[in-house]
$ cat run_6.tsv   # TSV, C-alpha atoms
chain	number	residue	atom	x	y	z
A	1	MET	CA	107.31	-5.31	67.75
A	2	SER	CA	109.72	-5.90	70.66
A	3	GLY	CA	112.58	-4.65	68.47
A	4	ASN	CA	110.54	-1.51	67.72
A	5	VAL	CA	109.80	-0.99	71.44
A	6	ALA	CA	113.50	-1.34	72.27
A	7	GLU	CA	114.31	1.20	69.55
A	8	VAL	CA	111.77	3.73	70.90
A	9	GLU	CA	113.03	3.23	74.45
A	10	LYS	CA	116.54	3.94	73.22
A	11	HIS	CA	115.23	7.18	71.71
A	12	VAL	CA	113.46	8.09	74.97
A	13	ALA	CA	116.75	7.73	76.86
A	14	ALA	CA	118.39	10.05	74.31
A	15	TYR	CA	115.55	12.60	74.69
A	16	ARG	CA	116.11	12.71	78.47
A	17	LYS	CA	119.87	13.23	78.08
A	18	VAL	CA	119.43	15.95	75.45
A	19	GLY	CA	116.75	17.65	77.57
A	20	ALA	CA	119.12	17.74	80.55
A	21	ALA	CA	121.93	19.06	78.33
A	22	LEU	CA	119.67	21.85	77.02
A	23	LEU	CA	118.78	22.95	80.55
A	24	VAL	CA	122.45	22.94	81.61
A	25	LEU	CA	123.42	24.93	78.49
A	26	THR	CA	120.72	27.49	79.29
A	27	VAL	CA	122.37	28.09	82.68
A	28	VAL	CA	125.77	28.29	80.94
A	29	THR	CA	124.39	30.90	78.47
A	30	VAL	CA	123.20	33.14	81.31
A	31	ALA	CA	126.40	32.61	83.34
A	32	ALA	CA	128.59	33.42	80.31
A	33	SER	CA	126.74	36.72	79.80
A	34	TYR	CA	128.04	37.90	83.20
A	35	LEU	CA	131.70	37.30	82.22
A	36	PRO	CA	133.64	40.55	81.87
A	37	THR	CA	134.27	40.21	78.13
A	38	ALA	CA	134.08	42.63	75.22
A	39	VAL	CA	130.74	42.74	73.37
A	40	PRO	CA	132.00	41.01	70.16
A	41	LEU	CA	133.41	38.09	72.19
A	42	ALA	CA	130.22	37.87	74.27
A	43	ILE	CA	128.19	37.67	71.04
A	44	VAL	CA	130.42	34.88	69.69
A	45	ILE	CA	130.17	32.87	72.96
A	46	ALA	CA	126.38	33.27	73.16
A	47	LEU	CA	125.91	32.28	69.53
A	48	ILE	CA	128.17	29.21	69.88
A	49	ILE	CA	126.10	27.99	72.85
A	50	ALA	CA	122.81	28.78	71.06
A	51	THR	CA	123.97	26.94	67.93
A	52	THR	CA	124.95	23.90	70.04
A	53	LYS	CA	121.51	23.90	71.68
A	54	GLY	CA	119.77	24.38	68.33
A	55	SER	CA	121.75	21.50	66.78
A	56	LEU	CA	120.74	19.20	69.65
A	57	VAL	CA	117.06	20.08	69.21
A	58	ALA	CA	117.19	19.67	65.42
A	59	SER	CA	119.19	16.46	65.35
A	60	VAL	CA	117.58	14.55	68.25
A	61	PHE	CA	114.12	16.03	68.95
A	62	MET	CA	113.38	16.71	65.26
A	63	HIS	CA	115.08	13.44	64.21
A	64	LEU	CA	117.26	15.12	61.60
A	65	VAL	CA	119.91	12.49	62.27
A	66	GLY	CA	119.02	9.64	59.95
A	67	GLU	CA	116.37	11.60	58.03
A	68	ARG	CA	115.65	11.04	54.31
A	69	LYS	CA	117.73	12.77	51.63
A	70	ALA	CA	114.76	14.84	50.37
A	71	ILE	CA	114.62	16.65	53.73
A	72	TYR	CA	118.36	17.37	53.65
A	73	TRP	CA	118.04	18.81	50.13
A	74	ALA	CA	115.13	21.03	51.15
A	75	LEU	CA	117.09	22.27	54.16
A	76	ALA	CA	120.29	22.77	52.14
A	77	LEU	CA	118.32	25.00	49.74
A	78	THR	CA	116.93	26.89	52.74
A	79	VAL	CA	120.47	27.43	54.05
A	80	VAL	CA	121.55	28.86	50.67
A	81	PHE	CA	118.65	31.33	50.66
A	82	TRP	CA	119.20	32.11	54.35
A	83	VAL	CA	122.89	32.93	53.79
A	84	PHE	CA	121.85	35.19	50.90
A	85	LEU	CA	119.27	36.86	53.12
A	86	MET	CA	121.81	37.41	55.91
A	87	SER	CA	124.32	38.86	53.46
A	88	LEU	CA	121.83	41.43	52.13
A	89	PRO	CA	122.81	43.94	54.84
A	90	LEU	CA	126.43	43.60	53.67
A	91	LEU	CA	125.38	44.31	50.08
A	92	GLY	CA	123.68	47.45	51.36
A	93	GLN	CA	126.86	48.41	53.18
A	94	TRP	CA	129.00	47.94	50.06
A	95	ASP	CA	126.53	49.65	47.72
A	96	THR	CA	128.17	52.74	46.23
A	97	ILE	CA	125.64	53.48	43.48
A	98	GLY	CA	124.86	57.20	43.53
A	99	VAL	CA	127.94	58.08	45.59
A	100	GLN	CA	130.14	60.56	43.68
A	101	LYS	CA	133.74	59.49	43.31
A	102	THR	CA	136.60	61.87	42.50
A	103	LEU	CA	139.99	60.82	41.26
A	104	PRO	CA	143.06	62.66	42.58
A	105	ASN	CA	144.44	65.18	40.08
A	106	ALA	CA	148.09	64.43	39.43
A	107	ASN	CA	148.76	67.96	38.11
A	108	ALA	CA	147.33	69.75	41.12
A	109	PRO	CA	149.89	71.36	43.45
A	110	ALA	CA	150.49	69.61	46.74
A	111	MET	CA	148.60	70.99	49.73
A	112	ASP	CA	151.83	71.72	51.64
A	113	ALA	CA	153.23	73.71	48.71
A	114	GLU	CA	150.03	75.74	48.49
A	115	GLU	CA	150.16	76.61	52.17
A	116	GLU	CA	153.78	77.90	51.83
A	117	HIS	CA	152.62	80.63	49.36
B	118	MET	CA	88.24	10.59	48.15
B	119	GLU	CA	91.23	9.39	50.16
B	120	ILE	CA	94.28	11.66	50.19
B	121	PRO	CA	97.26	9.56	49.07
B	122	TYR	CA	100.53	9.11	50.99
B	123	THR	CA	99.29	10.36	54.36
B	124	VAL	CA	100.86	7.27	55.89
B	125	ALA	CA	102.58	5.36	53.08
B	126	GLU	CA	105.88	6.68	51.80
B	127	ARG	CA	106.04	8.19	48.34
B	128	PRO	CA	108.28	6.17	45.99
B	129	ASP	CA	110.10	9.29	44.72
B	130	THR	CA	111.02	11.02	48.02
B	131	GLY	CA	110.76	8.11	50.45
B	132	LEU	CA	108.62	10.35	52.67
B	133	ASN	CA	104.92	10.62	53.36
B	134	ASN	CA	103.21	13.89	52.44
B	135	VAL	CA	102.77	14.93	56.08
B	136	LYS	CA	106.49	14.93	56.78
B	137	LEU	CA	107.51	16.54	53.49
B	138	GLY	CA	104.81	19.18	53.92
B	139	ILE	CA	105.77	20.15	57.47
B	140	TRP	CA	109.47	20.36	56.60
B	141	LEU	CA	108.76	22.63	53.60
B	142	PHE	CA	106.60	24.77	55.88
B	143	LEU	CA	109.42	24.94	58.45
B	144	ALA	CA	111.83	25.95	55.66
B	145	SER	CA	109.56	28.91	54.90
B	146	GLU	CA	109.50	29.73	58.62
B	147	VAL	CA	113.31	29.78	58.67
B	148	MET	CA	113.15	32.45	55.96
B	149	LEU	CA	110.53	34.44	57.89
B	150	PHE	CA	112.55	34.57	61.10
B	151	GLY	CA	115.80	34.76	59.10
B	152	GLY	CA	114.57	37.99	57.50
B	153	LEU	CA	113.87	39.50	60.90
B	154	PHE	CA	117.24	38.36	62.31
B	155	SER	CA	118.88	39.93	59.27
B	156	THR	CA	116.98	43.16	60.03
B	157	TYR	CA	118.18	42.99	63.64
B	158	ILE	CA	121.83	42.65	62.54
B	159	LEU	CA	121.50	45.52	60.03
B	160	LEU	CA	119.92	47.83	62.61
B	161	ARG	CA	122.36	46.89	65.38
B	162	VAL	CA	125.49	47.26	63.22
B	163	GLY	CA	124.27	50.62	61.93
B	164	ALA	CA	123.27	52.00	65.34
B	165	THR	CA	125.53	54.47	67.13
B	166	ASP	CA	124.11	53.36	70.47
B	167	TRP	CA	122.50	50.01	71.36
B	168	PRO	CA	121.33	49.05	74.86
B	169	VAL	CA	122.40	45.80	76.51
B	170	GLY	CA	119.23	43.70	76.74
B	171	SER	CA	119.69	42.91	80.43
B	172	THR	CA	119.40	46.61	81.31
B	173	LEU	CA	115.86	46.75	79.89
B	174	LEU	CA	114.59	43.18	80.22
B	175	ASN	CA	114.24	40.85	83.18
B	176	VAL	CA	116.88	38.11	82.69
B	177	PRO	CA	115.61	35.72	85.45
B	178	ILE	CA	112.12	35.81	83.90
B	179	GLY	CA	113.58	35.22	80.43
B	180	THR	CA	115.64	32.30	81.78
B	181	PHE	CA	112.53	30.86	83.45
B	182	ASN	CA	110.59	31.07	80.18
B	183	THR	CA	113.45	29.45	78.25
B	184	THR	CA	113.43	26.57	80.75
B	185	ILE	CA	109.64	26.25	80.40
B	186	LEU	CA	109.90	26.04	76.60
B	187	ILE	CA	112.71	23.45	76.71
B	188	ILE	CA	110.71	21.27	79.12
B	189	SER	CA	107.68	21.59	76.83
B	190	SER	CA	109.83	20.33	73.95
B	191	ILE	CA	110.80	17.31	76.07
B	192	THR	CA	107.15	16.56	76.96
B	193	MET	CA	106.18	16.93	73.28
B	194	VAL	CA	108.75	14.42	72.12
B	195	MET	CA	107.69	12.10	74.96
B	196	ALA	CA	104.05	12.40	73.82
B	197	HIS	CA	105.02	11.15	70.38
B	198	ALA	CA	107.17	8.38	71.85
B	199	SER	CA	104.21	7.30	74.04
B	200	LEU	CA	102.08	6.81	70.92
B	201	LYS	CA	104.85	4.72	69.39
B	202	LEU	CA	104.87	2.63	72.58
B	203	ASP	CA	101.07	2.25	72.26
B	204	ASP	CA	100.44	4.06	75.57
B	205	PHE	CA	97.59	6.47	74.88
B	206	GLY	CA	97.20	7.44	78.56
B	207	LYS	CA	100.78	8.67	78.76
B	208	TYR	CA	100.33	10.49	75.45
B	209	LYS	CA	97.43	12.43	76.96
B	210	THR	CA	99.49	13.31	80.04
B	211	TYR	CA	102.54	14.47	78.09
B	212	MET	CA	100.52	16.39	75.49
B	213	GLY	CA	98.46	18.02	78.27
B	214	ALA	CA	101.70	19.02	80.01
B	215	THR	CA	103.01	20.52	76.75
B	216	ILE	CA	99.88	22.66	76.40
B	217	LEU	CA	100.03	23.78	80.05
B	218	LEU	CA	103.70	24.70	79.74
B	219	ALA	CA	102.99	26.67	76.57
B	220	CYS	CA	100.21	28.56	78.36
B	221	THR	CA	102.62	29.27	81.24
B	222	PHE	CA	105.14	30.66	78.74
B	223	LEU	CA	102.47	32.95	77.29
B	224	ALA	CA	101.31	34.07	80.75
B	225	VAL	CA	104.87	34.99	81.74
B	226	LYS	CA	105.39	36.76	78.41
B	227	GLY	CA	102.12	38.60	78.98
B	228	TYR	CA	103.40	39.76	82.38
B	229	GLU	CA	106.62	40.98	80.73
B	230	TYR	CA	104.60	42.86	78.08
B	231	TRP	CA	102.39	44.42	80.77
B	232	GLU	CA	105.51	45.55	82.64
B	233	LYS	CA	106.92	47.14	79.47
B	234	VAL	CA	103.65	48.88	78.63
B	235	SER	CA	103.24	50.24	82.17
B	236	HIS	CA	106.75	51.75	81.95
B	237	ASP	CA	106.01	53.15	78.48
B	238	HIS	CA	108.66	50.92	76.88
B	239	LEU	CA	106.79	50.74	73.59
B	240	PRO	CA	108.14	50.03	70.08
B	241	ALA	CA	108.25	53.73	69.23
B	242	GLU	CA	110.72	54.39	72.07
B	243	SER	CA	113.80	52.87	70.40
B	244	THR	CA	114.92	50.61	67.57
B	245	TYR	CA	115.88	47.96	70.12
B	246	LEU	CA	112.37	47.91	71.61
B	247	ALA	CA	110.81	47.90	68.13
B	248	ILE	CA	112.75	44.77	67.16
B	249	TYR	CA	112.09	43.23	70.61
B	250	TRP	CA	108.31	43.64	70.27
B	251	THR	CA	108.32	42.44	66.65
B	252	LEU	CA	110.42	39.30	67.22
B	253	THR	CA	108.85	38.22	70.53
B	254	GLY	CA	105.36	39.12	69.26
B	255	LEU	CA	105.76	36.96	66.14
B	256	HIS	CA	107.20	34.16	68.26
B	257	GLY	CA	104.27	34.51	70.68
B	258	LEU	CA	101.82	34.15	67.79
B	259	HIS	CA	103.59	30.90	66.86
B	260	ILE	CA	103.14	29.71	70.45
B	261	VAL	CA	99.39	30.50	70.21
B	262	GLY	CA	99.22	28.51	66.93
B	263	GLY	CA	101.00	25.58	68.60
B	264	ILE	CA	98.60	25.64	71.56
B	265	ILE	CA	95.58	25.52	69.22
B	266	VAL	CA	96.96	22.60	67.18
B	267	ASN	CA	98.20	20.65	70.22
B	268	SER	CA	94.89	21.20	72.05
B	269	TYR	CA	93.04	19.77	69.05
B	270	PHE	CA	95.26	16.68	69.04
B	271	TRP	CA	94.85	16.36	72.81
B	272	GLY	CA	91.05	16.75	72.66
B	273	PRO	CA	88.71	16.09	69.71
B	274	GLY	CA	91.46	15.18	67.24
B	275	SER	CA	92.67	12.31	69.42
B	276	ALA	CA	89.57	10.29	68.47
B	277	MET	CA	91.52	9.31	65.35
B	278	TRP	CA	93.73	7.12	67.56
B	279	ARG	CA	90.88	4.58	67.70
B	280	THR	CA	90.37	4.44	63.92
B	281	LYS	CA	93.61	5.43	62.14
B	282	ARG	CA	96.50	5.03	64.57
B	283	GLU	CA	99.36	5.46	62.14
B	284	GLN	CA	97.88	8.62	60.60
B	285	PHE	CA	97.28	10.11	64.05
B	286	GLU	CA	100.86	9.30	65.03
B	287	ASN	CA	102.10	11.10	61.88
B	288	ARG	CA	99.99	14.15	62.70
B	289	VAL	CA	101.39	14.33	66.22
B	290	GLU	CA	104.92	13.98	64.84
B	291	ALA	CA	104.30	16.92	62.46
B	292	ALA	CA	102.89	19.02	65.33
B	293	GLY	CA	105.97	18.06	67.35
B	294	LEU	CA	108.34	19.17	64.58
B	295	TYR	CA	106.60	22.56	64.52
B	296	TRP	CA	106.78	22.82	68.30
B	297	HIS	CA	110.52	22.02	68.40
B	298	PHE	CA	111.07	24.67	65.72
B	299	VAL	CA	109.30	27.26	67.89
B	300	ASP	CA	111.58	26.20	70.78
B	301	LEU	CA	114.62	26.44	68.49
B	302	VAL	CA	113.75	30.02	67.49
B	303	TRP	CA	113.47	31.01	71.16
B	304	ILE	CA	116.88	29.42	71.87
B	305	PHE	CA	118.35	32.10	69.58
B	306	LEU	CA	115.99	34.93	70.58
B	307	PHE	CA	116.77	34.65	74.29
B	308	PRO	CA	120.52	35.45	74.21
B	309	VAL	CA	120.18	37.92	71.34
B	310	LEU	CA	117.46	40.03	73.00
B	311	TYR	CA	118.00	39.47	76.74
B	312	LEU	CA	121.72	39.00	77.22
B	313	LEU	CA	123.68	40.82	74.51
$ encode --input "run_6.tsv" --output "structure tokens"
Amino acid sequence: MSGNVAEVEKHVAAYRKVGAALLVLTVVTVAASYLPTAVPLAIVIALIIATTKGSLVASVFMHLVGERKAIYWALALTVVFWVFLMSLPLLGQWDTIGVQKTLPNANAPAMDAEEEH
Amino acid sequence: MEIPYTVAERPDTGLNNVKLGIWLFLASEVMLFGGLFSTYILLRVGATDWPVGSTLLNVPIGTFNTTILIISSITMVMAHASLKLDDFGKYKTYMGATILLACTFLAVKGYEYWEKVSHDHLPAESTYLAIYWTLTGLHGLHIVGGIIVNSYFWGPGSAMWRTKREQFENRVEAAGLYWHFVDLVWIFLFPVLYLL
């Protein structure tokens, strides 16, 4: 029992540290948004900080560090589906079905030559 | 009839049903919010003009609410740790604080919504506002769900602590996992909607 108590107290100390880190990173997120950077760079910075915060919550608060393999497999499958879901907009962007394509006619006179006449 | 593996670990997965169930539920939640984030990206990339969130939304209020939600995540994890340390009094305090913080978050969000409505910033005004109302509204509903579940475990549901301690502890852990997920979603929503 005492070993278990010591283990939980160790976790509690980690929760406090992670909590403090999350609050500091929130301030950093807001401060970074005021930096005079281009929008794409601002998005990258904000997402890096958000991902760091999210990883801390998932690994420490949600105990993903040291979790059973079955959970990892379920989450890995979720990631696969999530990546597919996120790439759907790209598929829409690349979709050319229904768009008429014309091949250049090698025998046609050049535009410059036509203009000369 | 007793439901099996509510406390004991299943031999095949090494997990009890509570934990496996909540994680599968959270996986489906990732897909729900993932679909909406995907929609956001599609709409934003395709838009000729997109407002910076800070020009329409109140960043200090958003930062305050983010802080509130992070603190509520800390109190939630402390509530579970208190049960593990056999301190039911502290559990009640931490769980009560989690519920209060969640209500504060909703009250602040309600004020923000009221401000938007009074200035006619409704979903029909722009694509940005449509996605803002959809994402924050869905997240708000998750907060309401969390408040209901946590209030049950703080109030009538906590009677189980006297009869089936381990099962009660598992239930609180599952509620905590859900609550941390709701916090995690907001961690991404805040910069995406308010700052970029």
$ atom_distance --input "run_6.tsv" --atom1 "atom CA of B:Val162" --atom2 "atom CA of A:Gly92"
12.0 Å
$ interface_residues --input "run_6.tsv" --of "chain A" --to "chain B" --cutoff "9 Å" --atoms "all atoms listed in the file" --output "NGL selection string"
:A and (4-5 or 8-9 or 11-12 or 15-16 or 18-19 or 22-23 or 26-27 or 29-30 or 33-34 or 39 or 42-43 or 46-47 or 50-51 or 53-55 or 57-58 or 61-63 or 68-71 or 74-75 or 77-79 or 81-82 or 85-90)
$ closest_residue --input "run_6.tsv" --among "B:Trp231, B:Ala292, B:Pro121, B:Leu310" --to "B:Phe142" --atoms "all atoms listed in the file"
B:Ala292
$ atom_distance --input "run_6.tsv" --atom1 "atom CA of B:Ser275" --atom2 "atom CA of B:Gly257"
25.1 Å
$ residues_around --input "run_6.tsv" --residues "stretch 259-267 of chain B" --least-positions-apart "5" --cutoff "10 Å" --atoms "all atoms listed in the file" --output "ChimeraX atom specification"
/B:186,193,212-213,215-220,222-223,253-254,272,274,289,292-293,295-296,298-300
$ atom_distance --input "run_6.tsv" --atom1 "atom CA of A:Ile49" --atom2 "atom CA of B:Lys226"
23.2 Å
